[in-house]
file run_15.cif (mmCIF, C-alpha atoms)
data_query
#
loop_
_atom_site.label_atom_id
_atom_site.label_comp_id
_atom_site.auth_asym_id
_atom_site.auth_seq_id
_atom_site.Cartn_x
_atom_site.Cartn_y
_atom_site.Cartn_z
CA MET B 1 18.42 11.14 11.93
CA LYS B 2 16.23 12.55 9.21
CA ARG B 3 15.89 10.14 6.29
CA ARG B 4 17.32 11.42 3.04
CA TYR B 5 16.06 8.84 0.56
CA PHE B 6 13.29 6.81 2.21
CA GLY B 7 9.73 8.10 2.29
CA THR B 8 6.60 6.64 3.86
CA ASP B 9 6.86 3.52 1.70
CA GLY B 10 10.44 2.88 0.66
CA VAL B 11 12.50 4.79 -1.88
CA ARG B 12 10.52 6.08 -4.84
CA GLY B 13 10.90 8.47 -7.78
CA ARG B 14 11.28 8.88 -11.53
CA TYR B 15 13.45 6.11 -13.00
CA GLY B 16 16.68 7.57 -14.33
CA GLY B 17 16.40 10.53 -11.97
CA PRO B 18 18.85 11.52 -9.22
CA VAL B 19 17.72 8.78 -6.83
CA VAL B 20 16.00 5.92 -8.63
CA ASN B 21 18.63 4.77 -11.10
CA ASP B 22 20.78 1.68 -11.54
CA SER B 23 23.87 3.15 -9.87
CA PHE B 24 21.91 4.29 -6.82
CA ALA B 25 20.12 0.94 -6.59
CA SER B 26 23.42 -0.97 -6.53
CA ARG B 27 24.72 1.29 -3.75
CA LEU B 28 21.44 0.87 -1.85
CA GLY B 29 21.75 -2.91 -2.11
CA ALA B 30 25.30 -2.74 -0.80
CA ALA B 31 24.24 -0.43 2.02
CA ALA B 32 21.41 -2.77 3.03
CA ALA B 33 23.90 -5.63 3.14
CA ARG B 34 26.28 -3.63 5.31
CA HIS B 35 23.42 -2.78 7.66
CA LEU B 36 22.58 -6.47 7.93
CA ARG B 37 26.17 -7.20 8.91
CA ASP B 38 26.01 -4.48 11.55
CA LEU B 39 22.99 -6.28 12.97
CA GLY B 40 25.01 -9.47 13.22
CA VAL B 41 23.69 -11.24 10.13
CA GLU B 42 26.32 -13.46 8.57
CA PRO B 43 27.08 -12.94 4.86
CA GLY B 44 25.90 -15.67 2.53
CA ARG B 45 22.25 -15.49 3.56
CA GLU B 46 19.51 -15.25 0.94
CA VAL B 47 17.83 -11.99 -0.02
CA LEU B 48 14.66 -12.41 -2.10
CA ILE B 49 13.84 -9.81 -4.76
CA GLY B 50 10.48 -9.45 -6.50
CA ARG B 51 9.25 -6.73 -8.84
CA ASP B 52 6.17 -5.37 -10.54
CA THR B 53 5.68 -5.12 -14.31
CA ARG B 54 7.45 -1.80 -15.03
CA GLU B 55 10.00 -2.03 -17.82
CA SER B 56 12.65 -0.55 -15.50
CA GLY B 57 12.12 -3.30 -12.92
CA ALA B 58 14.52 -5.87 -14.34
CA ALA B 59 17.41 -3.39 -14.49
CA LEU B 60 16.80 -2.21 -10.92
CA GLN B 61 16.56 -5.80 -9.75
CA ARG B 62 19.96 -6.56 -11.28
CA ALA B 63 21.39 -3.42 -9.74
CA VAL B 64 20.19 -4.18 -6.21
CA ALA B 65 21.40 -7.77 -6.61
CA ALA B 66 24.83 -6.53 -7.69
CA GLY B 67 25.16 -4.44 -4.55
CA LEU B 68 24.06 -7.29 -2.31
CA SER B 69 26.42 -9.72 -4.01
CA ALA B 70 29.34 -7.32 -3.67
CA GLU B 71 28.85 -7.37 0.10
CA GLY B 72 28.62 -11.14 0.33
CA PHE B 73 24.90 -11.86 0.34
CA ALA B 74 22.99 -14.20 -2.00
CA PRO B 75 20.26 -12.43 -3.98
CA VAL B 76 17.46 -14.56 -5.44
CA SER B 77 15.01 -13.36 -8.07
CA LEU B 78 11.30 -14.02 -7.53
CA GLY B 79 10.43 -12.47 -10.90
CA VAL B 80 7.20 -10.49 -11.26
CA LEU B 81 5.38 -10.96 -7.97
CA PRO B 82 2.95 -8.96 -5.81
CA THR B 83 4.60 -7.17 -2.92
CA PRO B 84 2.69 -9.17 -0.26
CA ALA B 85 3.87 -12.37 -1.95
CA VAL B 86 7.45 -11.16 -1.55
CA SER B 87 6.77 -10.71 2.16
CA ARG B 88 5.33 -14.21 2.35
CA ALA B 89 8.24 -15.78 0.49
CA VAL B 90 10.72 -14.22 2.92
CA ARG B 91 8.87 -15.71 5.89
CA VAL B 92 8.32 -19.14 4.34
CA ARG B 93 11.81 -19.56 2.94
CA GLY B 94 13.61 -18.15 5.98
CA ALA B 95 15.43 -15.47 3.99
CA THR B 96 17.16 -12.65 5.81
CA LEU B 97 15.69 -9.81 3.76
CA GLY B 98 13.09 -9.15 1.09
CA VAL B 99 13.14 -6.49 -1.62
CA ALA B 100 10.20 -5.32 -3.73
CA ILE B 101 11.08 -3.29 -6.82
CA THR B 102 7.93 -1.21 -7.30
CA ALA B 103 6.45 2.26 -7.26
CA SER B 104 3.06 0.90 -6.19
CA HIS B 105 0.25 3.10 -7.57
CA ASN B 106 2.61 5.59 -9.27
CA PRO B 107 2.83 5.87 -13.07
CA ALA B 108 5.08 3.63 -15.15
CA GLU B 109 7.83 6.25 -15.40
CA ASP B 110 8.44 5.91 -11.65
CA ASN B 111 9.93 3.04 -9.73
CA GLY B 112 11.09 2.32 -6.21
CA ILE B 113 12.51 -0.09 -3.68
CA LYS B 114 10.88 -1.47 -0.52
CA PHE B 115 12.56 -3.71 2.05
CA PHE B 116 11.12 -6.41 4.32
CA ASP B 117 12.82 -7.92 7.34
CA ALA B 118 13.12 -11.65 8.03
CA LYS B 119 9.55 -11.69 9.40
CA GLY B 120 8.17 -10.16 6.21
CA ILE B 121 7.54 -6.80 7.90
CA LYS B 122 8.50 -3.48 6.34
CA LEU B 123 11.62 -1.98 7.87
CA THR B 124 11.34 0.51 10.71
CA ASP B 125 12.46 4.12 10.50
CA ALA B 126 15.53 3.13 12.52
CA ASP B 127 16.48 0.42 10.03
CA GLU B 128 16.05 2.77 7.10
CA CYS B 129 18.21 5.34 8.84
CA GLY B 130 20.80 2.61 9.39
CA ILE B 131 20.84 1.81 5.68
CA GLU B 132 21.17 5.48 4.81
CA GLU B 133 24.13 5.81 7.17
CA GLN B 134 25.81 3.03 5.20
CA MET B 135 25.02 4.94 2.00
CA MET B 136 27.10 7.92 3.05
CA PRO B 137 30.58 6.55 2.30
CA LEU B 138 29.21 4.87 -0.81
CA ASP B 139 27.96 8.25 -2.03
CA LEU B 140 31.50 9.56 -2.02
CA ARG B 141 32.58 7.44 -4.95
CA VAL B 142 31.10 7.05 -8.39
CA THR B 143 29.72 3.57 -8.86
CA PRO B 144 28.97 2.71 -12.49
CA PRO B 145 25.68 1.00 -13.26
CA PRO B 146 26.17 -2.75 -12.99
CA THR B 147 26.40 -4.68 -16.22
CA GLY B 148 24.76 -7.68 -14.63
CA ALA B 149 25.10 -10.10 -11.77
CA SER B 150 24.72 -13.80 -11.33
CA LEU B 151 21.21 -14.14 -9.94
CA ALA B 152 19.50 -17.31 -8.81
CA VAL B 153 15.79 -17.66 -9.59
CA LEU B 154 13.00 -19.00 -7.38
CA ASP B 155 9.99 -19.79 -9.54
CA GLU B 156 7.60 -21.34 -7.03
CA ALA B 157 6.89 -18.24 -4.89
CA ALA B 158 3.92 -17.25 -7.07
CA SER B 159 2.28 -20.68 -7.09
CA GLU B 160 2.77 -21.04 -3.33
CA TYR B 161 1.17 -17.65 -2.75
CA VAL B 162 -1.79 -18.59 -4.96
CA ALA B 163 -2.26 -21.89 -3.11
CA ALA B 164 -2.16 -20.19 0.30
CA ALA B 165 -4.66 -17.51 -0.72
CA THR B 166 -7.02 -20.09 -2.22
CA ARG B 167 -7.17 -21.85 1.14
CA LEU B 168 -8.67 -18.76 2.80
CA LEU B 169 -12.13 -19.74 1.49
CA ALA B 170 -13.86 -23.09 1.18
CA ALA B 171 -13.40 -25.01 -2.05
CA SER B 172 -15.83 -23.94 -4.80
CA SER B 173 -17.29 -21.26 -2.52
CA LEU B 174 -17.43 -18.78 -5.40
CA LYS B 175 -19.17 -21.08 -7.84
CA GLY B 176 -21.83 -19.04 -9.63
CA TRP B 177 -20.14 -15.73 -8.78
CA ARG B 178 -19.21 -13.29 -11.51
CA VAL B 179 -16.36 -11.03 -10.39
CA VAL B 180 -14.77 -8.12 -12.25
CA LEU B 181 -11.06 -7.97 -11.42
CA ASP B 182 -8.81 -5.02 -12.27
CA THR B 183 -5.14 -5.86 -11.75
CA ALA B 184 -3.81 -2.46 -12.91
CA ASN B 185 -1.55 -4.08 -15.53
CA GLY B 186 0.61 -4.83 -12.54
CA ALA B 187 2.12 -7.59 -10.46
CA THR B 188 -1.18 -9.36 -9.67
CA PHE B 189 -2.24 -9.90 -13.29
CA GLN B 190 -1.70 -13.67 -12.96
CA THR B 191 -1.99 -14.45 -9.23
CA SER B 192 -5.31 -12.83 -8.29
CA PRO B 193 -7.35 -14.25 -11.21
CA ALA B 194 -5.82 -17.67 -10.55
CA VAL B 195 -7.11 -17.62 -6.96
CA LEU B 196 -10.62 -16.45 -7.85
CA ARG B 197 -10.96 -19.00 -10.64
CA ALA B 198 -9.66 -21.78 -8.39
CA LEU B 199 -12.50 -20.91 -6.00
CA GLY B 200 -15.04 -21.26 -8.81
CA ALA B 201 -15.63 -17.65 -9.82
CA GLU B 202 -16.17 -16.40 -13.34
CA VAL B 203 -13.58 -13.64 -13.68
CA ILE B 204 -13.91 -10.68 -16.02
CA GLY B 205 -10.45 -9.19 -16.28
CA LEU B 206 -9.44 -5.54 -16.62
CA GLY B 207 -5.90 -4.17 -16.64
CA ASP B 208 -4.53 -7.66 -17.21
CA ALA B 209 -2.22 -7.08 -20.20
CA PRO B 210 0.95 -5.42 -18.87
CA ASP B 211 3.49 -4.19 -21.41
CA GLY B 212 5.92 -2.49 -19.03
CA ARG B 213 4.54 0.97 -19.75
CA ASN B 214 0.82 0.73 -18.93
CA ILE B 215 0.88 -0.10 -15.22
CA ASN B 216 -1.80 1.94 -13.39
CA LEU B 217 -2.63 3.74 -16.66
CA GLY B 218 -6.33 4.56 -16.26
CA VAL B 219 -6.91 1.33 -14.37
CA GLY B 220 -6.40 -0.11 -10.90
CA SER B 221 -7.29 1.08 -7.43
CA GLU B 222 -6.54 4.72 -8.29
CA HIS B 223 -8.96 4.63 -11.24
CA PRO B 224 -12.00 2.48 -10.31
CA GLU B 225 -14.34 4.10 -12.84
CA LEU B 226 -13.97 1.36 -15.47
CA LEU B 227 -14.33 -1.30 -12.76
CA CYS B 228 -17.63 0.18 -11.59
CA THR B 229 -18.96 0.57 -15.12
CA THR B 230 -18.05 -3.02 -15.99
CA VAL B 231 -19.73 -4.38 -12.83
CA ARG B 232 -22.96 -2.63 -13.79
CA GLN B 233 -22.78 -3.75 -17.41
CA THR B 234 -22.06 -7.40 -16.64
CA GLY B 235 -24.25 -7.91 -13.58
CA ALA B 236 -21.26 -9.00 -11.51
CA ARG B 237 -21.53 -9.79 -7.81
CA LEU B 238 -18.67 -7.42 -7.02
CA GLY B 239 -15.57 -5.78 -8.44
CA ILE B 240 -12.01 -5.87 -7.11
CA ALA B 241 -9.19 -3.48 -8.02
CA HIS B 242 -5.53 -3.65 -7.01
CA ASP B 243 -2.73 -1.17 -7.45
CA GLY B 244 0.45 -1.91 -9.39
CA ASP B 245 2.12 -4.06 -6.75
CA GLY B 246 -0.99 -5.63 -5.23
CA ASP B 247 -0.89 -4.36 -1.67
CA ARG B 248 -4.05 -2.27 -2.08
CA CYS B 249 -7.69 -3.19 -2.53
CA VAL B 250 -10.63 -1.11 -3.68
CA LEU B 251 -13.98 -2.88 -4.07
CA CYS B 252 -17.14 -2.20 -6.05
CA ASP B 253 -20.56 -3.41 -4.93
CA GLU B 254 -23.10 -5.08 -7.20
CA LEU B 255 -24.71 -1.69 -7.90
CA GLY B 256 -21.48 -0.34 -9.35
CA MET B 257 -20.47 1.84 -6.40
CA ALA B 258 -16.85 1.86 -5.22
CA LEU B 259 -15.83 1.11 -1.62
CA ASP B 260 -12.62 2.54 -0.20
CA GLY B 261 -10.39 1.20 2.54
CA ASP B 262 -12.42 2.74 5.36
CA GLU B 263 -15.55 0.94 4.22
CA ILE B 264 -13.66 -2.34 3.83
CA LEU B 265 -12.14 -2.00 7.30
CA THR B 266 -15.55 -1.23 8.82
CA VAL B 267 -17.09 -4.36 7.28
CA LEU B 268 -14.22 -6.56 8.47
CA ALA B 269 -14.07 -5.05 11.96
CA TRP B 270 -17.84 -5.24 12.46
CA HIS B 271 -17.98 -8.89 11.42
CA ALA B 272 -14.98 -9.80 13.61
CA LEU B 273 -16.53 -8.02 16.59
CA GLN B 274 -19.81 -9.88 16.04
CA ASN B 275 -17.92 -13.17 16.12
CA GLY B 276 -15.48 -12.31 18.91
CA THR B 277 -12.44 -12.66 16.65
CA LEU B 278 -11.12 -9.09 16.69
CA LEU B 279 -8.26 -9.40 19.14
CA ARG B 280 -8.23 -6.68 21.79
CA ASN B 281 -11.43 -5.43 20.07
CA THR B 282 -9.05 -3.07 18.29
CA LEU B 283 -8.88 -1.66 14.79
CA VAL B 284 -5.79 0.34 13.80
CA VAL B 285 -6.07 3.05 11.13
CA THR B 286 -4.21 6.21 10.18
CA VAL B 287 -5.08 9.84 10.74
CA GLN B 288 -6.43 9.86 7.17
CA SER B 289 -9.42 7.61 7.91
CA ASN B 290 -12.91 9.06 8.15
CA LEU B 291 -14.23 9.86 11.63
CA GLY B 292 -17.37 7.88 10.83
CA LEU B 293 -15.27 4.74 11.06
CA ASP B 294 -14.61 5.41 14.76
CA ALA B 295 -18.32 5.81 15.41
CA ALA B 296 -19.21 2.57 13.60
CA VAL B 297 -16.58 0.48 15.36
CA GLN B 298 -17.36 1.93 18.77
CA ALA B 299 -21.05 1.22 18.25
CA ALA B 300 -20.14 -2.42 17.60
CA GLY B 301 -18.12 -2.62 20.83
CA GLY B 302 -14.64 -1.96 19.52
CA ARG B 303 -12.04 0.76 19.68
CA VAL B 304 -10.00 2.55 17.03
CA LEU B 305 -6.34 3.55 17.29
CA ARG B 306 -4.77 6.00 14.84
CA THR B 307 -1.23 6.27 13.52
CA PRO B 308 0.65 8.52 11.08
CA VAL B 309 0.01 7.87 7.39
CA GLY B 310 1.78 4.76 6.11
CA ASP B 311 0.80 1.12 6.38
CA ARG B 312 4.07 0.24 8.10
CA TYR B 313 3.11 2.55 10.97
CA VAL B 314 -0.21 0.72 11.12
CA SER B 315 1.69 -2.57 11.22
CA GLU B 316 3.99 -1.36 14.00
CA CYS B 317 1.02 -0.25 16.11
CA MET B 318 -0.77 -3.54 15.49
CA LEU B 319 2.27 -5.47 16.71
CA ALA B 320 2.59 -3.30 19.81
CA GLU B 321 -1.12 -3.58 20.66
CA GLY B 322 -1.63 -7.22 19.71
CA ALA B 323 -4.20 -6.20 17.08
CA VAL B 324 -4.94 -8.29 13.99
CA LEU B 325 -6.75 -5.81 11.73
CA GLY B 326 -5.69 -2.43 10.45
CA GLY B 327 -5.17 -0.37 7.36
CA GLU B 328 -5.60 2.82 5.43
CA SER B 329 -8.41 4.52 3.57
CA SER B 330 -6.31 4.11 0.41
CA GLY B 331 -6.97 0.37 0.53
CA HIS B 332 -3.89 -0.95 2.31
CA ILE B 333 -5.54 -3.59 4.52
CA ILE B 334 -3.50 -5.69 6.94
CA CYS B 335 -5.04 -8.96 8.14
CA ALA B 336 -2.24 -9.96 10.48
CA GLU B 337 -3.43 -13.53 10.98
CA VAL B 338 -2.61 -14.02 7.28
CA SER B 339 0.09 -11.47 6.47
CA PRO B 340 2.01 -8.77 8.37
CA THR B 341 1.77 -6.37 5.43
CA GLY B 342 -0.99 -5.00 3.23
CA ASP B 343 -2.42 -7.53 0.78
CA GLY B 344 -5.15 -6.48 -1.65
CA LEU B 345 -6.13 -10.04 -2.55
CA VAL B 346 -6.39 -11.18 1.07
CA ALA B 347 -8.54 -8.14 1.89
CA ALA B 348 -10.91 -8.92 -0.97
CA LEU B 349 -11.19 -12.57 0.06
CA LYS B 350 -11.89 -11.56 3.65
CA VAL B 351 -14.76 -9.31 2.56
CA ILE B 352 -16.12 -12.07 0.34
CA GLY B 353 -15.97 -14.29 3.41
CA VAL B 354 -18.22 -11.84 5.26
CA MET B 355 -20.65 -11.80 2.32
CA LEU B 356 -20.77 -15.60 2.33
CA ALA B 357 -21.19 -15.84 6.10
CA THR B 358 -23.93 -13.21 6.37
CA GLY B 359 -25.69 -13.71 3.04
CA ARG B 360 -25.69 -9.92 2.66
CA PRO B 361 -24.69 -8.17 -0.57
CA LEU B 362 -21.86 -5.67 -0.48
CA SER B 363 -24.26 -2.77 -1.11
CA ASP B 364 -25.92 -3.63 2.20
CA LEU B 365 -22.74 -4.23 4.20
CA ARG B 366 -21.23 -0.93 3.15
CA GLY B 367 -24.04 0.81 5.04
CA LEU B 368 -22.28 -0.08 8.29
CA LEU B 369 -20.16 3.03 7.76
CA ARG B 370 -21.80 6.44 7.66
CA LYS B 371 -19.05 8.79 6.62
CA PHE B 372 -18.59 12.30 7.87
CA PRO B 373 -18.47 14.79 4.99
CA GLN B 374 -14.87 15.02 3.85
CA ALA B 375 -12.99 17.02 1.23
CA ALA B 376 -9.43 16.31 0.20
CA ALA B 377 -6.90 17.53 -2.34
CA ALA B 378 -3.31 16.85 -3.37
CA MET B 379 -1.37 19.83 -4.71
CA THR B 380 1.99 19.72 -6.45
CA VAL B 381 4.63 21.87 -4.71
CA GLY B 382 8.01 23.12 -5.79
CA GLU B 383 9.58 22.44 -2.40
CA LYS B 384 8.62 20.87 0.91
CA ARG B 385 9.24 23.65 3.39
CA PRO B 386 8.45 22.89 7.05
CA LEU B 387 4.72 23.30 7.60
CA GLU B 388 5.29 25.45 10.66
CA ALA B 389 7.21 27.89 8.44
CA LEU B 390 4.18 28.53 6.19
CA PRO B 391 2.28 31.52 7.65
CA ALA B 392 -0.68 31.51 5.28
CA VAL B 393 -1.19 27.75 5.69
CA GLN B 394 -0.96 27.92 9.48
CA ALA B 395 -3.44 30.79 9.59
CA ALA B 396 -5.82 28.89 7.32
CA ILE B 397 -5.61 25.76 9.48
CA ARG B 398 -6.52 27.76 12.59
CA ALA B 399 -9.40 29.49 10.83
CA VAL B 400 -10.86 26.29 9.41
CA GLU B 401 -10.58 24.47 12.75
CA ALA B 402 -12.37 27.35 14.46
CA ASP B 403 -15.13 27.27 11.85
CA LEU B 404 -15.64 23.52 12.36
CA GLY B 405 -16.23 24.25 16.04
CA GLY B 406 -14.80 21.03 17.47
CA ARG B 407 -16.95 18.83 15.21
CA GLY B 408 -14.30 17.98 12.66
CA ARG B 409 -10.62 18.09 11.86
CA VAL B 410 -7.99 19.42 9.48
CA LEU B 411 -5.07 17.36 8.23
CA VAL B 412 -2.19 18.89 6.25
CA ARG B 413 0.86 16.80 5.37
CA TYR B 414 3.40 16.25 2.66
CA SER B 415 3.32 13.09 0.58
CA GLY B 416 6.14 10.76 1.49
CA THR B 417 6.54 9.56 -2.09
CA GLU B 418 5.65 12.53 -4.33
CA SER B 419 6.27 16.30 -4.51
CA LYS B 420 2.79 17.01 -3.20
CA ILE B 421 1.05 18.43 -0.17
CA ARG B 422 -2.11 16.61 0.90
CA LEU B 423 -5.04 18.46 2.43
CA LEU B 424 -8.05 17.04 4.22
CA VAL B 425 -10.99 18.69 5.93
CA GLU B 426 -13.68 16.69 7.70
CA GLY B 427 -16.72 17.72 9.67
CA ALA B 428 -20.43 17.41 10.27
CA ASP B 429 -21.44 20.11 7.75
CA ALA B 430 -20.55 19.49 4.08
CA GLY B 431 -20.64 23.17 3.16
CA ARG B 432 -18.19 24.17 5.88
CA VAL B 433 -15.93 21.28 4.89
CA GLN B 434 -15.78 22.27 1.23
CA ALA B 435 -15.24 25.93 2.07
CA GLY B 436 -12.46 24.97 4.45
CA LEU B 437 -10.66 22.99 1.77
CA GLY B 438 -10.83 25.95 -0.61
CA ARG B 439 -9.33 28.18 2.07
CA LEU B 440 -6.44 25.74 2.59
CA GLN B 441 -5.80 25.45 -1.14
CA ALA B 442 -5.59 29.22 -1.50
CA ALA B 443 -3.12 29.36 1.38
CA VAL B 444 -0.94 26.67 -0.17
CA ARG B 445 -0.83 28.60 -3.45
CA ARG B 446 0.42 31.65 -1.55
CA ASP B 447 3.07 29.84 0.52
CA LEU B 448 4.11 27.04 -1.84
CA PRO B 449 3.88 27.90 -5.54
CA ALA B 450 4.15 24.83 -7.73
CA GLY B 451 7.38 26.12 -9.33
#
call {"tool": "encode", "arguments": {"input": "run_15.cif", "output": "structure tokens"}}
result
Amino acid sequence: MKRRYFGTDGVRGRYGGPVVNDSFASRLGAAAARHLRDLGVEPGREVLIGRDTRESGAALQRAVAAGLSAEGFAPVSLGVLPTPAVSRAVRVRGATLGVAITASHNPAEDNGIKFFDAKGIKLTDADECGIEEQMMPLDLRVTPPPTGASLAVLDEAASEYVAAATRLLAASSLKGWRVVLDTANGATFQTSPAVLRALGAEVIGLGDAPDGRNINLGVGSEHPELLCTTVRQTGARLGIAHDGDGDRCVLCDELGMALDGDEILTVLAWHALQNGTLLRNTLVVTVQSNLGLDAAVQAAGGRVLRTPVGDRYVSECMLAEGAVLGGESSGHIICAEVSPTGDGLVAALKVIGVMLATGRPLSDLRGLLRKFPQAAAAMTVGEKRPLEALPAVQAAIRAVEADLGGRGRVLVRYSGTESKIRLLVEGADAGRVQAGLGRLQAAVRRDLPAG
């Protein structure tokens, strides 16, 4: 069954639009509850709901809770909480389901809904299809937006998450460290600085004054420019940036240069291979990651497995292979011995752990990865027609691949969360790569006008 509402990372879109609105959210909550019952889960079980700082989050939380309550389940509010902390709370508390109300790195006008199973793992495609099947009869009637629902509150999830993260490093191990931290005016604006300060660091905060409308606005993992500038100006040891819900991590070295997820994964995999702690000697990444990552990991004695784009596909592969490290170039990093889902704070602490253990600055460690030249673009499209039905695009893909001569790759895919097509060309020669991207962009403009 093709999913109608779910993308690569939950349901997402403009709040008040045809999908992400209070009425839809209440029906989605009810559908999730019905799917749980189909799986044999008895009504009455707890469902934990956290959200990021968007002003639409509280209304969507009430709406999802209303749907769950109508079908006999017990929703519990976690308040504003990073998405990985929602996953942790589900596991620790023994809840039957977790819900994160967030649009991640998207602008404040958007919002979305992610689900976690009882193990704190994002739902599979099959589960999401099951929920959508339950939506069908609910779509046939008009459900008014809920006026409110009785909702229990669990306040300690944030403090428990902070305490657990603080234990990942030795007490006072960051004494004397100056760290610039950009929390994107999002869900981590209290938790991440609390952890770093508890470990002894001096924290210079950016994007730490959410007002409901400024999440990801010129700050966070999608906009590391201010982070890098501030690191250089303040002489910080490193910079850390999250996205709006805290499941991503982008770092900045002491020279003010940003590191993406591929560089973070290379550092972590290399160190684990050196110490014999990378289970199965395996790193799991997506098709989006740079080919240089494969070369670096293989040189250190490991292997790389690739999945479709989406950190939940990385997680599924890690579970199947018994791997403990994986992630995406976007900064979703999964350290499975700590959390089964991406956690930007955990990723940052793990890299700091490598810096402490080796005594090497981040500018030195990042040299472990020598990237292949890569050019990428995201283009807005009016519709998402099947890629195989786009003659100009298909011809361009074949031509670019032929020009690369087996020493590179072309990746063309639609975004799972936005009306965009994403293009990537990678190869040994930077000029051929850039020319190839231009050829693809021209083909997209012919086949898929923005509308």
call {"tool": "residues_around", "arguments": {"input": "run_15.cif", "residues": "region 221-238 of chain B", "least_positions_apart": "6", "cutoff": "6 Å", "atoms": "only C-alpha atoms", "output": "PyMOL selection string"}}
result
chain B and resi 178-179+250+252-254+256
call {"tool": "resolve_selection", "arguments": {"input": "run_15.cif", "expression": "the PyMOL selection byres ((chain B and resi 437) around 10)", "output": "PyMOL selection string"}}
result
chain B and resi 374-377+396-397+400+410+423-426+432-436+438-443
call {"tool": "resolve_selection", "arguments": {"input": "run_15.cif", "expression": "the PyMOL selection byres ((chain B and resi 270) around 12)", "output": "ChimeraX atom specification"}}
result
/B:262-269,271-278,281-283,293-304,325,351,354,358,365-369
call {"tool": "resolve_selection", "arguments": {"input": "run_15.cif", "expression": "the PyMOL selection byres ((chain B and resi 202-209) around 9)", "output": "short mmCIF file (atom, residue, chain, number, x, y, z; two decimals) with C-alpha atoms, in the coordinates of the input"}}
result
data_model
loop_
_atom_site.label_atom_id
_atom_site.label_comp_id
_atom_site.auth_asym_id
_atom_site.auth_seq_id
_atom_site.Cartn_x
_atom_site.Cartn_y
_atom_site.Cartn_z
CA LEU B 174 -17.43 -18.78 -5.40
CA LYS B 175 -19.17 -21.08 -7.84
CA GLY B 176 -21.83 -19.04 -9.63
CA TRP B 177 -20.14 -15.73 -8.78
CA ARG B 178 -19.21 -13.29 -11.51
CA VAL B 179 -16.36 -11.03 -10.39
CA VAL B 180 -14.77 -8.12 -12.25
CA LEU B 181 -11.06 -7.97 -11.42
CA ASP B 182 -8.81 -5.02 -12.27
CA THR B 183 -5.14 -5.86 -11.75
CA ALA B 184 -3.81 -2.46 -12.91
CA ASN B 185 -1.55 -4.08 -15.53
CA GLY B 186 0.61 -4.83 -12.54
CA THR B 188 -1.18 -9.36 -9.67
CA PHE B 189 -2.24 -9.90 -13.29
CA GLN B 190 -1.70 -13.67 -12.96
CA PRO B 193 -7.35 -14.25 -11.21
CA LEU B 196 -10.62 -16.45 -7.85
CA ARG B 197 -10.96 -19.00 -10.64
CA GLY B 200 -15.04 -21.26 -8.81
CA ALA B 201 -15.63 -17.65 -9.82
CA PRO B 210 0.95 -5.42 -18.87
CA ASP B 211 3.49 -4.19 -21.41
CA ASN B 214 0.82 0.73 -18.93
CA ILE B 215 0.88 -0.10 -15.22
CA ASN B 216 -1.80 1.94 -13.39
CA LEU B 217 -2.63 3.74 -16.66
CA GLY B 218 -6.33 4.56 -16.26
CA VAL B 219 -6.91 1.33 -14.37
CA GLY B 220 -6.40 -0.11 -10.90
CA LEU B 226 -13.97 1.36 -15.47
CA LEU B 227 -14.33 -1.30 -12.76
CA THR B 230 -18.05 -3.02 -15.99
CA THR B 234 -22.06 -7.40 -16.64
CA ALA B 236 -21.26 -9.00 -11.51
CA ALA B 241 -9.19 -3.48 -8.02
#
call {"tool": "atom_distance", "arguments": {"input": "run_15.cif", "atom1": "CA of Lys384 (chain B)", "atom2": "CA of Arg445 (chain B)"}}
result
13.0 Å
call {"tool": "decode", "arguments": {"input": "run_15.cif", "residues": "region 305-325 of chain B", "atoms": "C-alpha atoms", "output": "PDB file, in the first residue's frame"}}
result
ATOM      1  CA  LEU B 305      26.085  -0.402   4.363  1.00  0.00           C
ATOM      2  CA  ARG B 306      23.711   1.994   2.617  1.00  0.00           C
ATOM      3  CA  THR B 307      19.956   2.431   2.908  1.00  0.00           C
ATOM      4  CA  PRO B 308      17.302   4.707   1.375  1.00  0.00           C
ATOM      5  CA  VAL B 309      17.172   8.253   2.741  1.00  0.00           C
ATOM      6  CA  GLY B 310      15.563   8.453   6.180  1.00  0.00           C
ATOM      7  CA  ASP B 311      17.023   7.745   9.588  1.00  0.00           C
ATOM      8  CA  ARG B 312      14.361   5.144  10.337  1.00  0.00           C
ATOM      9  CA  TYR B 313      15.653   3.081   7.402  1.00  0.00           C
ATOM     10  CA  VAL B 314      19.117   3.412   8.894  1.00  0.00           C
ATOM     11  CA  SER B 315      17.719   2.235  12.224  1.00  0.00           C
ATOM     12  CA  GLU B 316      15.975  -0.754  10.631  1.00  0.00           C
ATOM     13  CA  CYS B 317      19.183  -1.812   8.883  1.00  0.00           C
ATOM     14  CA  MET B 318      21.184  -1.405  12.081  1.00  0.00           C
ATOM     15  CA  LEU B 319      18.764  -3.676  13.931  1.00  0.00           C
ATOM     16  CA  ALA B 320      18.883  -6.293  11.179  1.00  0.00           C
ATOM     17  CA  GLU B 321      22.697  -6.231  10.989  1.00  0.00           C
ATOM     18  CA  GLY B 322      23.431  -5.891  14.702  1.00  0.00           C
ATOM     19  CA  ALA B 323      25.193  -2.568  14.072  1.00  0.00           C
ATOM     20  CA  VAL B 324      25.470   0.167  16.706  1.00  0.00           C
ATOM     21  CA  LEU B 325      26.395   3.224  14.633  1.00  0.00           C
TER      22      LEU B 325
END
